[in-house]
Structures are given as structure tokens and as C-alpha cells.
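Visitor: You'll find protein-v6.cif just under this line, and it carries mmCIF, C-alpha atoms.
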```
data_structure
#
loop_
_atom_site.label_atom_id
_atom_site.label_comp_id
_atom_site.auth_asym_id
_atom_site.auth_seq_id
_atom_site.Cartn_x
_atom_site.Cartn_y
_atom_site.Cartn_z
CA LEU A 1 -33.17 -4.33 -7.50
CA LYS A 2 -34.58 -6.49 -10.29
CA VAL A 3 -37.10 -5.24 -12.86
CA GLU A 4 -39.74 -7.91 -13.48
CA ASP A 5 -42.51 -8.13 -16.08
CA GLY A 6 -44.74 -5.08 -16.03
CA GLY A 7 -42.01 -2.89 -14.58
CA LYS A 8 -42.40 -4.29 -11.09
CA LEU A 9 -39.31 -3.98 -8.88
CA SER A 10 -38.20 -6.71 -6.51
CA LEU A 11 -35.26 -6.98 -4.13
CA PHE A 12 -32.40 -8.83 -5.80
CA ARG A 13 -29.83 -8.70 -3.00
CA LEU A 14 -29.39 -6.44 0.01
CA VAL A 15 -25.84 -5.21 0.64
CA SER A 16 -24.95 -2.79 3.44
CA GLY A 17 -21.82 -1.40 5.04
CA THR A 18 -18.66 0.31 3.76
CA ASP A 19 -16.74 -2.95 3.29
CA HIS A 20 -18.58 -3.93 0.08
CA VAL A 21 -18.21 -2.64 -3.47
CA LEU A 22 -20.33 -3.54 -6.51
CA THR A 23 -18.79 -3.65 -9.96
CA HIS A 24 -19.71 -5.13 -13.33
CA SER A 25 -18.36 -6.32 -16.66
CA THR A 26 -19.44 -8.17 -19.81
CA SER A 27 -18.37 -11.71 -20.60
CA ARG A 28 -17.22 -12.92 -24.03
CA GLU A 29 -20.67 -14.49 -24.47
CA GLY A 30 -22.36 -11.12 -23.95
CA LYS A 31 -23.62 -11.80 -20.44
CA ALA A 32 -23.66 -9.03 -17.87
CA MET A 33 -21.39 -9.98 -14.97
CA VAL A 34 -22.17 -8.32 -11.64
CA ALA A 35 -19.61 -8.76 -8.85
CA LEU A 36 -19.83 -8.15 -5.14
CA VAL A 37 -16.41 -7.34 -3.68
CA SER A 38 -16.11 -7.76 0.09
CA ASP A 39 -13.17 -6.48 2.12
CA SER A 40 -13.15 -8.02 5.59
CA ALA A 41 -10.67 -9.07 8.27
CA ASP A 42 -10.21 -12.32 6.35
CA GLY A 43 -9.22 -10.56 3.12
CA VAL A 44 -10.77 -9.44 -0.15
CA SER A 45 -13.26 -11.86 -1.71
CA LEU A 46 -15.42 -11.88 -4.82
CA GLU A 47 -18.87 -13.24 -5.66
CA VAL A 48 -20.20 -13.05 -9.23
CA ILE A 49 -23.58 -13.53 -10.88
CA ALA A 50 -24.18 -13.80 -14.64
CA ILE A 51 -27.26 -12.11 -16.13
CA GLU A 52 -28.55 -13.08 -19.58
CA ALA A 53 -29.73 -10.55 -22.15
CA ASP A 54 -33.36 -11.36 -21.29
CA GLY A 55 -32.73 -10.67 -17.60
CA ALA A 56 -32.58 -14.30 -16.52
CA ALA A 57 -29.95 -14.91 -13.85
CA GLY A 58 -28.55 -17.89 -12.06
CA GLY A 59 -27.18 -17.95 -8.54
CA TRP A 60 -24.20 -16.18 -7.08
CA SER A 61 -20.89 -17.98 -7.48
CA ALA A 62 -19.01 -19.32 -4.47
CA SER A 63 -16.86 -16.69 -2.77
CA GLU A 64 -13.30 -16.58 -4.14
CA ALA A 65 -10.36 -15.05 -2.26
CA LEU A 66 -8.56 -12.28 -4.15
CA SER A 67 -6.02 -11.02 -1.63
CA SER A 68 -5.07 -10.74 2.01
CA PRO A 69 -6.77 -8.01 4.12
CA MET A 70 -6.40 -4.42 2.89
CA SER A 71 -6.19 -3.02 6.42
CA GLY A 72 -2.87 -1.32 5.70
CA HIS A 73 -4.23 0.42 2.61
CA GLY A 74 -7.69 1.62 3.62
CA ARG A 75 -10.96 0.49 2.11
CA ILE A 76 -11.51 -0.30 -1.57
CA GLU A 77 -13.12 2.81 -3.06
CA ARG A 78 -13.45 1.83 -6.73
CA SER A 79 -13.05 -1.40 -8.66
CA TRP A 80 -13.32 -2.79 -12.20
CA LEU A 81 -14.00 -6.41 -13.12
CA ASN A 82 -12.23 -8.41 -15.82
CA SER A 83 -14.03 -11.64 -16.73
CA TYR A 84 -12.08 -14.18 -18.78
CA THR A 85 -12.15 -17.84 -19.75
CA ARG A 86 -9.55 -20.16 -18.25
CA LYS A 87 -7.81 -22.86 -20.30
CA ASP A 88 -10.10 -25.51 -18.82
CA GLY A 89 -13.18 -23.57 -19.95
CA SER A 90 -14.18 -22.29 -16.51
CA SER A 91 -14.71 -18.61 -15.76
CA GLY A 92 -11.95 -16.62 -14.12
CA TYR A 93 -11.95 -13.11 -12.69
CA ARG A 94 -9.44 -10.37 -12.12
CA LEU A 95 -10.19 -7.20 -10.19
CA LEU A 96 -8.59 -3.81 -10.68
CA ALA A 97 -8.95 -2.13 -7.28
CA CYS A 98 -8.23 1.42 -6.16
CA THR A 99 -7.78 1.61 -2.40
CA GLN A 100 -8.10 4.57 -0.04
CA ASP A 101 -4.33 5.13 -0.07
CA ALA A 102 -4.48 5.86 -3.85
CA ALA A 103 -2.78 2.57 -4.77
CA LEU A 104 -3.97 0.76 -7.88
CA ARG A 105 -3.57 -3.01 -7.86
CA LEU A 106 -4.62 -5.95 -10.03
CA LEU A 107 -5.93 -8.92 -8.04
CA GLN A 108 -6.66 -12.38 -9.36
CA ALA A 109 -8.35 -15.46 -7.93
CA THR A 110 -6.38 -18.52 -9.04
CA LYS A 111 -6.70 -22.22 -8.27
CA GLU A 112 -3.51 -21.90 -6.21
CA GLY A 113 -4.99 -19.07 -4.15
CA PRO A 114 -5.24 -15.27 -4.22
CA LYS A 115 -2.60 -13.37 -6.17
CA THR A 116 -1.63 -9.70 -6.50
CA LEU A 117 -0.27 -9.30 -10.04
CA TRP A 118 1.06 -5.74 -9.64
CA VAL A 119 0.70 -2.52 -7.63
CA ARG A 120 1.05 1.11 -8.73
CA GLU A 121 1.56 3.71 -5.99
CA GLU A 122 -0.42 6.61 -7.47
CA ALA A 123 -0.19 8.51 -4.16
CA LEU A 124 3.27 9.65 -5.26
CA ALA A 125 1.55 11.91 -7.81
CA GLY A 126 0.27 14.04 -4.92
CA ILE A 127 3.36 14.80 -2.84
CA THR A 128 2.77 17.65 -0.36
CA GLY A 129 6.10 17.67 1.48
CA ALA A 130 9.48 15.97 1.71
CA GLU A 131 12.44 15.65 4.06
CA LEU A 132 15.90 14.14 3.49
CA VAL A 133 17.38 11.98 6.24
CA PRO A 134 20.92 10.54 6.09
CA LEU A 135 20.95 6.76 5.91
CA PRO A 136 22.64 4.96 8.86
CA LEU A 137 26.36 4.24 8.88
CA VAL A 138 25.79 0.54 9.47
CA LYS A 139 22.82 -1.67 8.63
CA ASP A 140 22.10 -2.50 12.27
CA GLU A 141 21.03 1.12 12.95
CA VAL A 142 17.86 0.71 10.89
CA GLU A 143 16.10 -1.06 13.77
CA ILE A 144 17.38 1.28 16.50
CA ALA A 145 15.04 3.96 17.88
CA SER A 146 17.42 5.55 20.43
CA PRO A 147 21.18 6.28 20.58
CA PHE A 148 23.23 3.13 20.88
CA PHE A 149 26.92 2.48 20.31
CA GLY A 150 27.33 -1.24 20.94
CA PHE A 151 27.14 -2.23 17.26
CA ALA A 152 28.55 -5.60 16.28
CA VAL A 153 32.19 -5.36 15.21
CA PRO A 154 31.63 -7.30 11.93
CA ALA A 155 28.97 -4.79 10.84
CA ILE A 156 31.34 -1.87 11.44
CA ILE A 157 34.17 -3.58 9.56
CA ASP A 158 31.89 -4.32 6.58
CA SER A 159 30.73 -0.70 6.56
CA LEU A 160 34.29 0.65 6.63
CA LYS A 161 35.29 -1.70 3.79
CA GLN A 162 32.39 -0.47 1.66
CA ARG A 163 33.15 3.20 2.35
CA PHE A 164 36.83 2.66 1.48
CA ALA A 165 35.82 0.95 -1.77
CA GLU A 166 33.58 3.90 -2.65
CA LEU A 167 36.37 6.42 -1.92
CA THR A 168 38.86 4.51 -4.08
CA GLY A 169 36.36 3.93 -6.90
CA ALA A 170 36.36 0.18 -6.40
CA GLY A 171 32.74 0.05 -5.38
CA GLY A 172 31.44 -0.12 -8.95
CA LEU A 173 28.32 1.43 -10.41
CA VAL A 174 24.82 0.75 -9.16
CA THR A 175 22.93 -1.16 -11.85
CA SER A 176 19.62 -1.87 -10.11
CA ALA A 177 17.57 -0.76 -7.12
CA ASP A 178 18.19 -4.12 -5.42
CA GLU A 179 21.93 -3.42 -5.33
CA VAL A 180 21.62 -0.07 -3.53
CA PRO A 181 22.61 -0.54 0.13
CA LEU A 182 20.49 1.00 2.87
CA THR A 183 23.55 2.57 4.48
CA ALA A 184 25.33 5.89 4.09
CA ASP A 185 28.05 6.33 1.47
CA ALA A 186 31.43 8.00 1.91
CA TYR A 187 30.20 11.28 0.39
CA GLY A 188 26.89 11.71 2.22
CA THR A 189 24.80 11.59 -0.97
CA ARG A 190 22.95 8.39 -0.12
CA GLN A 191 19.84 9.48 1.81
CA ALA A 192 16.29 8.46 2.63
CA ILE A 193 13.72 10.85 1.15
CA VAL A 194 10.61 10.78 3.33
CA VAL A 195 7.57 12.22 1.53
CA ARG A 196 4.00 12.87 2.68
CA THR A 197 1.13 12.80 0.19
CA ALA A 198 -2.38 14.16 -0.20
CA SER A 199 -3.87 10.67 0.16
CA GLY A 200 -2.57 10.23 3.71
CA LYS A 201 0.31 7.97 2.78
CA VAL A 202 3.98 8.38 3.70
CA PHE A 203 6.86 6.93 1.68
CA GLY A 204 10.55 6.38 2.21
CA LEU A 205 12.44 6.69 -1.09
CA HIS A 206 16.10 5.94 -1.82
CA SER A 207 17.89 9.05 -3.10
CA ALA A 208 20.19 6.99 -5.38
CA THR A 209 17.40 5.46 -7.49
CA GLY A 210 14.03 6.86 -6.35
CA SER A 211 12.96 3.32 -5.45
CA ILE A 212 10.47 2.81 -2.62
CA ILE A 213 12.13 1.61 0.60
CA TRP A 214 8.90 1.58 2.62
CA SER A 215 5.39 3.03 2.68
CA ARG A 216 2.81 3.57 5.41
CA PHE A 217 -0.83 4.59 5.09
CA ILE A 218 -2.07 6.73 7.98
CA ALA A 219 -5.51 5.24 8.42
CA PRO A 220 -8.53 7.40 9.34
CA THR A 221 -9.90 7.24 12.87
CA SER A 222 -13.00 5.33 11.69
CA ALA A 223 -13.77 3.00 8.79
CA ASP A 224 -16.17 5.45 7.10
CA ALA A 225 -13.97 8.55 7.52
CA ASP A 226 -11.62 10.13 5.00
CA PRO A 227 -7.84 9.82 5.47
CA PRO A 228 -6.27 12.55 7.62
CA THR A 229 -4.53 15.57 6.13
CA LEU A 230 -0.79 15.26 6.68
CA SER A 231 -0.27 18.93 7.44
CA ALA A 232 3.34 18.94 8.63
CA MET A 233 6.43 16.75 8.87
CA LEU A 234 9.63 17.44 10.80
CA VAL A 235 12.94 15.62 11.30
CA GLY A 236 14.23 15.24 14.84
CA GLY A 237 17.20 13.58 16.50
CA ALA A 238 20.53 12.67 14.97
CA GLY A 239 22.45 9.59 13.87
CA ALA A 240 20.77 6.38 14.98
CA ALA A 241 18.10 8.43 16.81
CA HIS A 242 16.73 10.20 13.72
CA GLN A 243 12.92 10.35 13.84
CA ILE A 244 10.12 11.73 11.69
CA GLU A 245 7.44 13.74 13.50
CA LEU A 246 4.24 13.70 11.43
CA VAL A 247 1.15 15.84 12.10
CA ALA A 248 -2.08 14.16 10.91
CA GLN A 249 -5.24 16.31 11.02
CA ASP A 250 -8.52 14.39 11.37
CA ALA A 251 -12.05 15.84 11.33
CA GLU A 252 -12.25 16.56 15.08
CA SER A 253 -8.75 15.84 16.36
CA TRP A 254 -5.14 15.68 15.31
CA ARG A 255 -2.38 13.15 15.86
CA LEU A 256 1.36 13.43 16.36
CA ILE A 257 2.91 10.29 14.90
CA THR A 258 6.59 9.39 15.30
CA LEU A 259 8.11 7.25 12.54
CA GLN A 260 11.47 5.56 12.07
CA PRO A 261 12.77 7.18 8.83
CA TRP A 262 14.51 4.10 7.39
CA SER A 263 11.76 1.52 7.89
CA GLY A 264 8.52 3.49 8.43
CA LYS A 265 7.98 1.77 11.78
CA VAL A 266 5.61 3.64 14.12
CA LEU A 267 7.54 4.58 17.26
CA GLY A 268 4.74 6.49 18.96
CA GLU A 269 1.37 8.18 18.46
CA LYS A 270 -0.53 10.77 20.49
CA THR A 271 -3.99 12.20 19.84
CA TYR A 272 -5.10 15.75 20.70
CA ALA A 273 -8.46 17.50 20.45
CA GLY A 274 -8.95 20.18 17.80
#
```
Show me the file's structure as C-alpha cells.
Guide:
Amino acid sequence: LKVEDGGKLSLFRLVSGTDHVLTHSTSREGKAMVALVSDSADGVSLEVIAIEADGAAGGWSASEALSSPMSGHGRIERSWLNSYTRKDGSSGYRLLACTQDAALRLLQATKEGPKTLWVREEALAGITGAELVPLPLVKDEVEIASPFFGFAVPAIIDSLKQRFAELTGAGGLVTSADEVPLTADAYGTRQAIVVRTASGKVFGLHSATGSIIWSRFIAPTSADADPPTLSAMLVGGAGAAHQIELVAQDAESWRLITLQPWSGKVLGEKTYAG
């Protein structure tokens, strides 16, 4: 709404639906910057209008792309606008967005295209359960959902060489998360820690460093619903057939979701009333 002379209200812009968020900021020149953030199948976009101190306003800026679609993270629930001046004197915008999966990310519209500057996984502050699953003996097992013994000979040889090096102390120390292999070690200490959180997000963490191997947001059954409560999580199977059975409670139903513990891939999902 816009307040005109005499206190009269007029419609400034009509926005409806759950895929839009309004946010605001102040420019260096003291102008009020109002932004309309839209999250659609095409991605997150931003439109901005500058309002002078006397209430005078120009038109909305052309829509700028901020990121790819947020479908894997839920809707944007809160956002904060950062208005800045580019080197060429034009106005630039960055958006701090908090999505439904409790991730905080900084998005920027650049002349080269949309850019995500960084992401913080705040869902890890609300862990409600965890399970440890041994990592596979060879790398090929990560993509296997059922028992299988026809692994490629080179992969087995490489795995045996690594395990021998670890037993003899020739494997060296791990200096960064990138150097940690996603395979079991000779002592059985290298595991995947699968955690469920209060925000409806599941993570796979590496036990050697705590680094994130994968993450998956369990989306609500409808766009305007809250994320499900992840009420239980069990480990089934053995070896290459290890699986995570996750119980997700929605408002009027519940789902049994089967995940691959080393990649987070969904292997199956069933819905039940109640």
C-alpha cells in the first residue's frame, strides 16, 4: 500500500502466493530499497524499487536471477537485502536468505549470472538423532542398493593397497576433508554418521573430520505446509546393502523413506494414513 496526500491509501503492488518474499534495505544515498524475492521453478529472482525520503518512487527494476531453483531446500522463509554500488556506478544487490531447511545462504546477482557466495547449514544445530554406518570397502559400493559381489578387480586391488598402507603406517595423516576417502579403513573407525534434524533435513557426515558428505531435505507434502517431523531412523541391511529407514510424520499422514547411507539417494518411499 502507498500513503498519498491526506492519508489516502492506494494499492502499490499486489503480491500473492507462498513463493514470494518482501524485504527491504537502505541505500548509501538514504533511499529505502524494497525488494520482491520470487522463488519459482526457474529459480530465485529479485525485483527492486527505490523510494525517496518524500515518498516518490520510480519503477521496479528488471528481474535479476539470484540462484537456481530452491526446490531441494524448501521455500525461502526470511530474507535480508544488501544494496551496494558496483565499480561502474550501477546498483548491485545481495540477498541473505534463510530457507525452510534451516540453511542460510548469501546470493548475489552478477553480470556473469547468479552466484551463491556461501552456505551455512544451521540445521545441524538441531540434531534429533544419529546412526553410524560403516563406509563401504571399495568405492564402487556407494552406488549399490542391493548385495553384489562382481566388483571390478582394480577397485579391490586399490582398496587392499590402501588398507595395507594404513596398517603399516604408510598411509600418512589426513590434512583436509578433501583427502578423506569415502571407503572403510583397516580399523573400522571410518564411518558415515547419518543424522536427522528438527528442520526435516538429513545429513551424512564423515566420522574422520565431521565434514558433510551429503544432505537431503525431506520436503513437506504441499508447498504451504511445514516440514515433516523426522520421528525415527533405523539402519537395516549389511555391507553393500546398508540402508537407512526414515520415518517422516506429516500433518495427516506419515512416510517411510529408504535412503542410501553413503550418498543420501532415495531408494524408496511409501505413504501411510495417520
Visitor: In Å, how far is it from CA of Leu182 (chain A) to CA of Leu256 (chain A)?
Guide: 26.5 Å
Visitor: With the PyMOL selection byres ((chain A and resi 27) around 12) as the selection, what would be picked from this file? Answer as JSON, numbers by chain, please.
Guide: {"A": [24, 25, 26, 28, 29, 30, 31, 32, 33, 34, 48, 49, 50, 51, 52, 53, 81, 82, 83, 84, 85, 91, 92, 93]}
Visitor: Go through the shown structure with the PyMOL selection byres ((chain A and resi 246) around 7) and write out the matching residues as a VMD selection string.
Guide: chain A and resid 232 to 234 244 to 245 247 to 248 256 to 258
Visitor: Which of these, A:Asp224, A:Asp42, A:Asp54, A:Glu77, has the shortest distance to Thr23 (chain A) once you count only C-alpha atoms?
Guide: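 Using only C-alpha atoms, the shortest distance to Thr23 (chain A) belongs to A:Glu77.
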Visitor: I want to know what sits within 10 Å of Arg105 (chain A), based on all atoms listed in the file, with residues of the same chain fewer than 3 positions away left out; could you give that as a PDB file with C-alpha atoms, keeping the file's coordinate frame?
Guide:
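Listing of part08.pdb after writing:
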```
ATOM      1  CA  SER A  79     -13.050  -1.400  -8.660  1.00  0.00           C
ATOM      2  CA  LEU A  95     -10.190  -7.200 -10.190  1.00  0.00           C
ATOM      3  CA  LEU A  96      -8.590  -3.810 -10.680  1.00  0.00           C
ATOM      4  CA  ALA A  97      -8.950  -2.130  -7.280  1.00  0.00           C
ATOM      5  CA  CYS A  98      -8.230   1.420  -6.160  1.00  0.00           C
ATOM      6  CA  THR A  99      -7.780   1.610  -2.400  1.00  0.00           C
ATOM      7  CA  ALA A 102      -4.480   5.860  -3.850  1.00  0.00           C
ATOM      8  CA  GLN A 108      -6.660 -12.380  -9.360  1.00  0.00           C
ATOM      9  CA  THR A 116      -1.630  -9.700  -6.500  1.00  0.00           C
ATOM     10  CA  LEU A 117      -0.270  -9.300 -10.040  1.00  0.00           C
ATOM     11  CA  TRP A 118       1.060  -5.740  -9.640  1.00  0.00           C
ATOM     12  CA  VAL A 119       0.700  -2.520  -7.630  1.00  0.00           C
ATOM     13  CA  ARG A 120       1.050   1.110  -8.730  1.00  0.00           C
ATOM     14  CA  GLU A 121       1.560   3.710  -5.990  1.00  0.00           C
TER      15      GLU A 121
END
```
Visitor: As a check of understanding, name the residues that the PyMOL selection byres ((chain A and resi 254) around 12) selects in the supplied structure, as a ChimeraX atom specification.
Guide: /A:218,220-221,227-232,246-253,255-257,269-274
